[in-house]
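Heads up, the thing below is written out as structure tokens.
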Amino acid sequence: MTKVTMTVNGKAVSGEVEGRTLLSTFLREDLRLTGTHIGCDTSQCGACVVHVNGQAVKACAMFAIEADGTDVGTIEGQANADGSLNVIQQAFQDHHGLQCGFCTPGMVMSAAALLKDNPKPSEGEIREYLEGNICRCTGYHNIVKAIMAASGQDVSAIAAE
């Protein structure tokens with residue numbers, strides 16, 4: 001067992017892990033932050049996206065020991081300080097960017113990383129960025145619309161689906 005220490009959503013945390021423990025497992029099982037979803041365990045679906053030192057990372061493709069000493073952000077840390085939804089989360093709600101909700105945490109985390117790097121992405125840029133996130137319910141249209149709305153762009157001309 002190896003001790004890992006990191007900052008998760010602004011709080012210092014530590015735990016004992018085996019070398020093979022995935023970051024997703026550490027977050028869900030040790031820290032009880034179950035918003036990071038496990039969809040495939042092969043880094044294909046993107047349901048487990050978190051931010052590590054500000055970069056979007058698939059938590060099922062990273063060992064917990066690799067995150068030792070880092071700053072990790074999860075979906076639980078995305079809400080505003082008063083507990084209300086942040087602009088991206090609110091846009092997903094307002095524009096029906098979710099159905100079953102399983103992919104939503106990873107989509108929101110990916111969207112946050114995209115908007116940090118590209119504050120006004122085009123529809124094509126959003127679709128390209130989300131290629132590593134799979135949604136089996138929505139067809140992506142409303143997810144893209146929600147991300148565009150969260151970026152402050154006018155989405156009134158985009159037809160609802």
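By convention in this document, the chains of the structure tokens carry letters A, B, ... by their order, each chain's residues are numbered from 1, and ligands are numbered from 1 in the order they are shown.
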**Message:** When DSSP is applied to the backbone of this structure, which of segment 13-97 of chain A are assigned helix (DSSP H, G or I)? Write them out as JSON, numbers by chain.
**Reply:** {"A": [23, 24, 25, 26, 27, 28, 29, 30, 59, 60, 61, 64, 65, 66, 67, 75, 76, 77, 87, 88, 89, 90, 91, 92, 93, 94]}
**Request:** Compile the contact shell of segment 59-65 of chain A as a list in words: residues with an atom at most 8 Å away, counting only C-alpha atoms, same-chain residues fewer than 3 positions apart removed.
**Result:**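 Those residues are Thr2, Val4, Val17, Gly19, Arg20, Thr21, Leu22, Leu23, Ser24, Thr25, Phe26, Ile38, Asp41, Thr42, Ser43, Cys48, Val49, Val50 and Asp68 of chain A.
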Surrounding residues of segment 125-136 of chain A excluding itself and chain neighbours under 6 positions, 8 Å, only C-alpha atoms, as a PDB file with C-alpha atoms, in the first residue's frame:
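Heads up, here's the output in selection.pdb:
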ATOM      1  CA  GLN A  44     -13.577   4.974 -24.151  1.00  0.00           C
ATOM      2  CA  CYS A  45     -16.728   6.634 -22.799  1.00  0.00           C
ATOM      3  CA  GLY A  46     -15.628   9.744 -20.887  1.00  0.00           C
ATOM      4  CA  ALA A  47     -18.104   9.320 -18.012  1.00  0.00           C
ATOM      5  CA  CYS A 103     -22.673  10.680 -19.101  1.00  0.00           C
ATOM      6  CA  GLY A 106     -18.098  13.667 -17.734  1.00  0.00           C
ATOM      7  CA  MET A 107     -19.755  15.936 -20.300  1.00  0.00           C
ATOM      8  CA  SER A 110     -15.186  18.144 -20.491  1.00  0.00           C
ATOM      9  CA  LEU A 114     -13.100  23.223 -23.300  1.00  0.00           C
ATOM     10  CA  VAL A 144     -23.702  20.994 -27.901  1.00  0.00           C
ATOM     11  CA  ILE A 147     -22.241  24.199 -24.093  1.00  0.00           C
TER      12      ILE A 147
END
**Request:** Skip segment 8-10 of chain A itself and residues of its chain fewer than 2 positions away, then list as a PyMOL selection string all residues within 12 Å of it, counting only C-alpha atoms.
**Result:** chain A and resi 4-6+12-14+23+26-27+31-33+50-54+67-81
Requested write-out: N, CA and C atoms of the selected residues, as a tab-separated table (two decimals), in the first residue's frame:
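part36.tsv written:
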chain	number	residue	atom	x	y	z
A	4	VAL	N	-1.25	8.26	-0.67
A	4	VAL	CA	-1.40	9.34	-1.65
A	4	VAL	C	-2.05	10.53	-0.96
A	5	THR	N	-1.61	11.69	-1.35
A	5	THR	CA	-2.17	12.93	-0.83
A	5	THR	C	-2.43	13.84	-2.02
A	6	MET	N	-3.59	14.44	-2.05
A	6	MET	CA	-3.93	15.36	-3.14
A	6	MET	C	-4.97	16.34	-2.63
A	12	ALA	N	-7.74	19.14	1.11
A	12	ALA	CA	-6.64	18.18	1.19
A	12	ALA	C	-7.19	16.83	1.62
A	13	VAL	N	-6.82	15.78	0.89
A	13	VAL	CA	-7.25	14.42	1.22
A	13	VAL	C	-6.05	13.49	1.10
A	14	SER	N	-6.14	12.36	1.77
A	14	SER	CA	-5.10	11.35	1.63
A	14	SER	C	-5.72	9.98	1.87
A	23	LEU	N	-7.57	6.16	-10.30
A	23	LEU	CA	-8.04	7.40	-9.70
A	23	LEU	C	-9.55	7.37	-9.55
A	26	PHE	N	-10.38	5.38	-6.46
A	26	PHE	CA	-10.04	6.13	-5.25
A	26	PHE	C	-11.09	7.20	-4.97
A	27	LEU	N	-11.48	7.94	-6.00
A	27	LEU	CA	-12.48	8.99	-5.81
A	27	LEU	C	-13.82	8.41	-5.36
A	31	LEU	N	-13.06	8.14	-1.30
A	31	LEU	CA	-13.54	9.48	-0.96
A	31	LEU	C	-15.05	9.63	-1.05
A	32	ARG	N	-15.73	8.61	-1.56
A	32	ARG	CA	-17.19	8.61	-1.70
A	32	ARG	C	-17.71	9.74	-2.58
A	33	LEU	N	-16.91	10.13	-3.57
A	33	LEU	CA	-17.32	11.12	-4.56
A	33	LEU	C	-17.83	10.35	-5.78
A	50	VAL	N	-12.40	13.96	-15.03
A	50	VAL	CA	-12.13	14.87	-13.92
A	50	VAL	C	-11.06	15.84	-14.40
A	51	HIS	N	-10.75	16.83	-13.59
A	51	HIS	CA	-9.65	17.73	-13.92
A	51	HIS	C	-8.49	17.44	-12.98
A	52	VAL	N	-7.32	17.26	-13.53
A	52	VAL	CA	-6.10	17.06	-12.75
A	52	VAL	C	-5.16	18.21	-13.13
A	53	ASN	N	-4.87	19.04	-12.14
A	53	ASN	CA	-4.07	20.25	-12.37
A	53	ASN	C	-4.63	21.05	-13.55
A	54	GLY	N	-5.96	21.12	-13.61
A	54	GLY	CA	-6.63	21.94	-14.61
A	54	GLY	C	-6.84	21.30	-15.96
A	67	ALA	N	-1.74	10.67	-9.31
A	67	ALA	CA	-2.38	11.93	-8.90
A	67	ALA	C	-1.84	12.44	-7.57
A	68	ASP	N	-0.89	11.72	-6.99
A	68	ASP	CA	-0.30	12.16	-5.72
A	68	ASP	C	0.28	13.56	-5.89
A	69	GLY	N	-0.10	14.46	-5.00
A	69	GLY	CA	0.41	15.83	-5.02
A	69	GLY	C	-0.29	16.76	-5.99
A	70	THR	N	-1.34	16.29	-6.65
A	70	THR	CA	-2.02	17.12	-7.65
A	70	THR	C	-3.27	17.78	-7.08
A	71	ASP	N	-3.86	18.62	-7.90
A	71	ASP	CA	-5.13	19.27	-7.60
A	71	ASP	C	-6.16	18.61	-8.50
A	72	VAL	N	-7.13	17.94	-7.91
A	72	VAL	CA	-8.15	17.21	-8.66
A	72	VAL	C	-9.50	17.90	-8.49
A	73	GLY	N	-10.19	18.09	-9.59
A	73	GLY	CA	-11.54	18.63	-9.55
A	73	GLY	C	-12.52	17.60	-10.08
A	74	THR	N	-13.61	17.39	-9.36
A	74	THR	CA	-14.64	16.45	-9.79
A	74	THR	C	-15.95	17.21	-10.00
A	75	ILE	N	-16.94	16.51	-10.49
A	75	ILE	CA	-18.25	17.13	-10.72
A	75	ILE	C	-18.82	17.71	-9.43
A	76	GLU	N	-18.51	17.09	-8.29
A	76	GLU	CA	-19.01	17.60	-7.02
A	76	GLU	C	-18.49	18.99	-6.70
A	77	GLY	N	-17.37	19.36	-7.29
A	77	GLY	CA	-16.78	20.67	-7.06
A	77	GLY	C	-17.18	21.73	-8.07
A	78	GLN	N	-18.09	21.40	-8.97
A	78	GLN	CA	-18.47	22.33	-10.03
A	78	GLN	C	-19.54	23.33	-9.61
A	79	ALA	N	-20.34	23.01	-8.65
A	79	ALA	CA	-21.42	23.92	-8.24
A	79	ALA	C	-20.85	25.23	-7.69
A	80	ASN	N	-21.66	26.25	-7.71
A	80	ASN	CA	-21.27	27.53	-7.12
A	80	ASN	C	-21.11	27.37	-5.61
A	81	ALA	N	-20.45	28.32	-4.98
A	81	ALA	CA	-20.19	28.26	-3.54
A	81	ALA	C	-21.47	28.12	-2.72
For Leu98 of chain A, find every residue with an atom within 8 Å (counting only C-alpha atoms), except residues of its own chain fewer than 6 positions away, and show them as a PDB file with C-alpha atoms, in the first residue's frame.
ATOM      1  CA  PHE A  92     -27.424  21.511 -19.433  1.00  0.00           C
ATOM      2  CA  THR A 104     -23.527  14.132 -17.750  1.00  0.00           C
ATOM      3  CA  CYS A 137     -29.414   8.853 -25.136  1.00  0.00           C
ATOM      4  CA  THR A 138     -29.346  12.400 -26.469  1.00  0.00           C
ATOM      5  CA  ASN A 142     -28.738  19.475 -26.957  1.00  0.00           C
ATOM      6  CA  ILE A 143     -25.397  18.876 -25.238  1.00  0.00           C
TER       7      ILE A 143
END
**Message:** Give me, as a PyMOL selection string, the residues of segment 54-119 of chain A that a backbone DSSP run labels strand (DSSP E or B).
**Reply:** chain A and resi 55-58+63+71-73
**Fill in**
Pairwise distance, atom CA of His141 of chain A with atom CA of Thr34 of chain A, equals 26.4 Å
**Asked** Interatomic distance between atom CA of Asp117 of chain A and atom CA of Gly101 of chain A?
**Response**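 Atom CA of Asp117 of chain A sits 24.8 Å away from atom CA of Gly101 of chain A.
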**Request:** Identify, on the basis of only C-alpha atoms, every residue whose closest approach to Ser156 of chain A does not exceed 12 Å; exclude the query and any residue fewer than 4 positions from it along the same chain; express the result as a list of chain:residue names.
**Result:**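 Contacts, in chain order: A:His95, A:Lys145, A:Ala146, A:Met148, A:Ala149, A:Gly152, A:Ala160.
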**Length of the atom CA of His96 of chain A to atom CA of Ala56 of chain A vector [Å]** = 23.2 Å
